>>> print(open('input17.txt').read())   # compact mmCIF, N, CA, C and O atoms
# COMPACT_ATOMS: atom_id res chain seq x y z
N MET A 1 -32.67 13.67 5.36
CA MET A 1 -33.29 12.56 4.67
C MET A 1 -34.41 11.94 5.49
O MET A 1 -35.37 11.43 4.96
N THR A 2 -34.30 12.04 6.79
CA THR A 2 -35.35 11.48 7.63
C THR A 2 -36.64 12.29 7.52
O THR A 2 -37.71 11.77 7.75
N SER A 3 -36.53 13.58 7.16
CA SER A 3 -37.75 14.38 7.04
C SER A 3 -38.61 13.88 5.87
O SER A 3 -39.83 13.91 5.93
N GLY A 4 -37.96 13.41 4.80
CA GLY A 4 -38.70 12.86 3.67
C GLY A 4 -39.44 11.59 4.06
O GLY A 4 -40.58 11.36 3.68
N VAL A 5 -38.80 10.75 4.86
CA VAL A 5 -39.43 9.52 5.32
C VAL A 5 -40.57 9.85 6.26
O VAL A 5 -41.64 9.25 6.20
N ALA A 6 -40.34 10.82 7.15
CA ALA A 6 -41.39 11.21 8.08
C ALA A 6 -42.58 11.81 7.33
O ALA A 6 -43.72 11.54 7.67
N PHE A 7 -42.30 12.58 6.28
CA PHE A 7 -43.38 13.17 5.51
C PHE A 7 -44.19 12.07 4.81
O PHE A 7 -45.41 12.12 4.78
N ALA A 8 -43.49 11.07 4.27
CA ALA A 8 -44.19 9.97 3.61
C ALA A 8 -45.05 9.21 4.61
O ALA A 8 -46.16 8.80 4.30
N GLN A 9 -44.52 9.03 5.81
CA GLN A 9 -45.29 8.32 6.84
C GLN A 9 -46.52 9.13 7.24
O GLN A 9 -47.59 8.57 7.43
N GLU A 10 -46.34 10.45 7.37
CA GLU A 10 -47.48 11.30 7.73
C GLU A 10 -48.54 11.26 6.63
O GLU A 10 -49.74 11.23 6.90
N ALA A 11 -48.09 11.25 5.38
CA ALA A 11 -49.05 11.20 4.27
C ALA A 11 -49.78 9.87 4.27
O ALA A 11 -50.99 9.82 4.03
N ALA A 12 -49.09 8.80 4.58
CA ALA A 12 -49.73 7.48 4.64
C ALA A 12 -50.74 7.43 5.78
O ALA A 12 -51.83 6.87 5.64
N ASP A 13 -50.37 8.02 6.93
CA ASP A 13 -51.30 8.06 8.05
C ASP A 13 -52.54 8.88 7.71
O ASP A 13 -53.67 8.50 8.05
N ALA A 14 -52.34 10.01 7.04
CA ALA A 14 -53.47 10.86 6.67
C ALA A 14 -54.38 10.14 5.67
O ALA A 14 -55.61 10.25 5.76
N ALA A 15 -53.77 9.40 4.75
CA ALA A 15 -54.58 8.66 3.78
C ALA A 15 -55.37 7.55 4.46
O ALA A 15 -56.53 7.29 4.11
N ALA A 16 -54.76 6.90 5.43
CA ALA A 16 -55.45 5.83 6.17
C ALA A 16 -56.61 6.40 6.97
O ALA A 16 -57.70 5.80 7.03
N GLU A 17 -56.41 7.57 7.57
CA GLU A 17 -57.49 8.20 8.33
C GLU A 17 -58.62 8.64 7.41
O GLU A 17 -59.80 8.51 7.74
N ALA A 18 -58.27 9.14 6.24
CA ALA A 18 -59.29 9.57 5.29
C ALA A 18 -60.09 8.38 4.78
O ALA A 18 -61.32 8.46 4.60
N ALA A 19 -59.41 7.27 4.55
CA ALA A 19 -60.10 6.07 4.08
C ALA A 19 -61.03 5.53 5.15
O ALA A 19 -62.11 5.02 4.86
N ALA A 20 -60.61 5.62 6.40
CA ALA A 20 -61.45 5.14 7.50
C ALA A 20 -62.64 6.06 7.71
O ALA A 20 -63.70 5.61 8.17
N ALA A 21 -62.50 7.34 7.39
CA ALA A 21 -63.58 8.29 7.61
C ALA A 21 -64.70 8.15 6.58
O ALA A 21 -65.83 8.55 6.83
N VAL A 22 -64.39 7.58 5.42
CA VAL A 22 -65.40 7.43 4.38
C VAL A 22 -66.35 6.31 4.79
O VAL A 22 -65.92 5.19 5.08
N ALA A 23 -67.63 6.61 4.82
CA ALA A 23 -68.61 5.62 5.23
C ALA A 23 -68.82 4.60 4.13
O ALA A 23 -68.63 4.87 2.95
N ALA A 24 -69.23 3.43 4.53
CA ALA A 24 -69.54 2.38 3.56
C ALA A 24 -70.75 2.81 2.74
O ALA A 24 -71.66 3.46 3.26
N PRO A 25 -70.77 2.49 1.45
CA PRO A 25 -71.91 2.89 0.63
C PRO A 25 -73.20 2.21 1.09
O PRO A 25 -73.20 1.05 1.49
N THR A 26 -74.27 2.97 1.05
CA THR A 26 -75.56 2.43 1.47
C THR A 26 -76.53 2.49 0.30
O THR A 26 -76.37 3.29 -0.62
N LEU A 27 -77.55 1.65 0.33
CA LEU A 27 -78.55 1.63 -0.72
C LEU A 27 -79.49 2.82 -0.54
O LEU A 27 -79.94 3.12 0.56
N ASN A 28 -79.78 3.49 -1.65
CA ASN A 28 -80.72 4.60 -1.64
C ASN A 28 -82.01 4.11 -2.29
O ASN A 28 -82.00 3.64 -3.42
N SER A 29 -83.12 4.20 -1.57
CA SER A 29 -84.37 3.66 -2.09
C SER A 29 -84.84 4.39 -3.35
O SER A 29 -85.44 3.78 -4.23
N GLY A 30 -84.55 5.67 -3.45
CA GLY A 30 -84.93 6.42 -4.65
C GLY A 30 -84.16 5.95 -5.87
O GLY A 30 -84.73 5.78 -6.95
N ASP A 31 -82.85 5.74 -5.71
CA ASP A 31 -82.04 5.24 -6.82
C ASP A 31 -82.48 3.85 -7.24
O ASP A 31 -82.57 3.53 -8.43
N THR A 32 -82.78 3.00 -6.25
CA THR A 32 -83.21 1.64 -6.56
C THR A 32 -84.55 1.65 -7.29
O THR A 32 -84.73 0.92 -8.27
N ALA A 33 -85.47 2.49 -6.85
CA ALA A 33 -86.78 2.57 -7.50
C ALA A 33 -86.64 3.07 -8.93
O ALA A 33 -87.30 2.55 -9.85
N TRP A 34 -85.79 4.06 -9.16
CA TRP A 34 -85.60 4.58 -10.52
C TRP A 34 -85.00 3.51 -11.43
O TRP A 34 -85.39 3.39 -12.58
N MET A 35 -84.05 2.75 -10.93
CA MET A 35 -83.46 1.69 -11.74
C MET A 35 -84.50 0.63 -12.10
O MET A 35 -84.52 0.13 -13.23
N LEU A 36 -85.37 0.29 -11.17
CA LEU A 36 -86.42 -0.69 -11.46
C LEU A 36 -87.41 -0.14 -12.48
O LEU A 36 -87.80 -0.85 -13.42
N VAL A 37 -87.82 1.12 -12.32
CA VAL A 37 -88.77 1.72 -13.26
C VAL A 37 -88.16 1.82 -14.65
O VAL A 37 -88.80 1.48 -15.65
N SER A 38 -86.93 2.27 -14.74
CA SER A 38 -86.31 2.40 -16.06
C SER A 38 -86.09 1.04 -16.71
O SER A 38 -86.22 0.90 -17.92
N SER A 39 -85.79 0.02 -15.91
CA SER A 39 -85.64 -1.33 -16.47
C SER A 39 -86.96 -1.84 -17.02
O SER A 39 -87.00 -2.46 -18.09
N VAL A 40 -88.04 -1.58 -16.31
CA VAL A 40 -89.37 -2.01 -16.79
C VAL A 40 -89.73 -1.27 -18.07
O VAL A 40 -90.27 -1.87 -19.01
N LEU A 41 -89.42 0.02 -18.15
CA LEU A 41 -89.71 0.78 -19.38
C LEU A 41 -88.93 0.23 -20.57
O LEU A 41 -89.47 0.10 -21.68
N VAL A 42 -87.68 -0.12 -20.36
CA VAL A 42 -86.88 -0.69 -21.44
C VAL A 42 -87.45 -2.04 -21.87
O VAL A 42 -87.55 -2.33 -23.07
N LEU A 43 -87.84 -2.87 -20.92
CA LEU A 43 -88.41 -4.16 -21.27
C LEU A 43 -89.75 -4.02 -22.00
O LEU A 43 -90.06 -4.80 -22.89
N MET A 44 -90.52 -2.99 -21.64
CA MET A 44 -91.79 -2.76 -22.33
C MET A 44 -91.56 -2.29 -23.77
O MET A 44 -92.39 -2.56 -24.64
N MET A 45 -90.48 -1.59 -24.03
CA MET A 45 -90.19 -1.13 -25.38
C MET A 45 -89.63 -2.25 -26.26
O MET A 45 -89.59 -2.12 -27.48
N LEU A 46 -89.22 -3.34 -25.65
CA LEU A 46 -88.58 -4.43 -26.40
C LEU A 46 -89.54 -5.09 -27.38
O LEU A 46 -89.18 -5.31 -28.54
N VAL A 47 -90.77 -5.38 -26.95
CA VAL A 47 -91.72 -6.10 -27.81
C VAL A 47 -92.12 -5.26 -29.03
O VAL A 47 -92.03 -5.75 -30.16
N PRO A 48 -92.56 -4.01 -28.88
CA PRO A 48 -92.88 -3.24 -30.08
C PRO A 48 -91.67 -2.99 -30.97
O PRO A 48 -91.79 -2.97 -32.20
N GLY A 49 -90.50 -2.83 -30.36
CA GLY A 49 -89.30 -2.63 -31.16
C GLY A 49 -88.98 -3.83 -32.02
O GLY A 49 -88.64 -3.70 -33.19
N LEU A 50 -89.09 -5.01 -31.44
CA LEU A 50 -88.85 -6.23 -32.22
C LEU A 50 -89.92 -6.40 -33.30
O LEU A 50 -89.62 -6.84 -34.42
N ALA A 51 -91.16 -6.07 -32.97
CA ALA A 51 -92.24 -6.20 -33.96
C ALA A 51 -92.00 -5.27 -35.14
O ALA A 51 -92.16 -5.67 -36.30
N LEU A 52 -91.60 -4.04 -34.87
CA LEU A 52 -91.32 -3.11 -35.97
C LEU A 52 -90.09 -3.54 -36.76
O LEU A 52 -90.05 -3.40 -37.98
N PHE A 53 -89.09 -4.07 -36.06
CA PHE A 53 -87.88 -4.51 -36.75
C PHE A 53 -88.18 -5.67 -37.70
O PHE A 53 -87.83 -5.64 -38.88
N TYR A 54 -88.87 -6.70 -37.18
CA TYR A 54 -89.17 -7.85 -38.03
C TYR A 54 -90.22 -7.50 -39.07
O TYR A 54 -90.24 -8.08 -40.16
N GLY A 55 -91.10 -6.56 -38.75
CA GLY A 55 -92.08 -6.11 -39.75
C GLY A 55 -91.39 -5.44 -40.93
O GLY A 55 -91.86 -5.52 -42.06
N GLY A 56 -90.28 -4.79 -40.69
CA GLY A 56 -89.55 -4.15 -41.78
C GLY A 56 -88.74 -5.13 -42.61
O GLY A 56 -88.33 -4.82 -43.72
N LEU A 57 -88.52 -6.32 -42.07
CA LEU A 57 -87.72 -7.32 -42.79
C LEU A 57 -88.55 -8.17 -43.74
O LEU A 57 -88.01 -8.81 -44.62
N VAL A 58 -89.87 -8.21 -43.51
CA VAL A 58 -90.70 -9.07 -44.36
C VAL A 58 -91.29 -8.26 -45.51
O VAL A 58 -91.27 -7.03 -45.51
N ARG A 59 -91.85 -8.96 -46.48
CA ARG A 59 -92.46 -8.28 -47.62
C ARG A 59 -93.78 -7.67 -47.23
O ARG A 59 -94.48 -8.15 -46.32
N LYS A 60 -94.14 -6.59 -47.89
CA LYS A 60 -95.36 -5.86 -47.52
C LYS A 60 -96.62 -6.70 -47.67
O LYS A 60 -97.57 -6.55 -46.92
N LYS A 61 -96.66 -7.58 -48.67
CA LYS A 61 -97.88 -8.36 -48.87
C LYS A 61 -98.10 -9.40 -47.78
O LYS A 61 -99.19 -9.91 -47.63
N ASN A 62 -97.06 -9.70 -46.99
CA ASN A 62 -97.20 -10.68 -45.92
C ASN A 62 -97.62 -10.05 -44.59
O ASN A 62 -97.91 -10.76 -43.65
N ILE A 63 -97.64 -8.74 -44.52
CA ILE A 63 -97.98 -8.05 -43.27
C ILE A 63 -99.49 -7.96 -43.13
O ILE A 63 -100.19 -7.62 -44.03
>>> encode(input="input17.txt", output="structure tokens")
Amino acid sequence: MTSGVAFAQEAADAAAEAAAAVAAPTLNSGDTAWMLVSSVLVLMMLVPGLALFYGGLVRKKNI
């Protein structure tokens, strides 16, 4: 029965060592730049999208 406890302890130690070996996440400048560019593209599409949406809601003679 002690071998089961020892095995569990060894597994816990191995998991602790693996967790310590994983480096803290760092910021990647390429990922950050892509997120900024894609956010700007989405914001630029917002105005024409709203204009087309509201343009479709009004009567043709008012456009």
>>> atom_distance(input="input17.txt", atom1="CA of Gly55 (chain A)", atom2="CA of Leu41 (chain A)")
21.6 Å
>>> atom_distance(input="input17.txt", atom1="atom N of Tyr54 (chain A)", atom2="atom O of Val42 (chain A)")
14.8 Å
>>> atom_distance(input="input17.txt", atom1="CA of Ser39 (chain A)", atom2="CA of Ala51 (chain A)")
19.3 Å
